[in-house]
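What follows is a short report on a single structure.
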Amino acid sequence: MATTIKTSPELWGESARDFDLLAEENAKKPTPRLSSDEEEKLRDFFTRSREFHFPWQKKS
């Protein structure tokens, strides 16, 4: 049984030029950085998520 494969849209003409210009502008923007407080909160979140146990799981 065959399934249809949807093709991805392609940009042509003015749409392609607009996309290229937007991509070039975004490439020049500075990369956002996290503050030290935000990094600490993120580390804490990841630590707690690794240590999380569902109530029905046995803690080891």
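Each chain of the structure tokens is named A, B, ... in the order shown, its residues numbered from 1; ligands are numbered from 1 in display order.
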Which of chain A fall in helix (DSSP H, G or I), as a VMD selection string: chain A and resid 13 to 28 36 to 51
Atomic distance atom CA of A:Arg33 - atom CA of A:Arg48, expressed in Å with one decimal: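 Straight-line distance from atom CA of A:Arg33 to atom CA of A:Arg48 works out to 22.7 Å.
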Interatomic distance (Å, one decimal) between atom CA of A:Gly13 and atom CA of A:Asn26: 20.3 Å
Separation of atom CA of A:Leu22 from atom CA of A:Glu10, in Å and rounded to one decimal: 16.1 Å
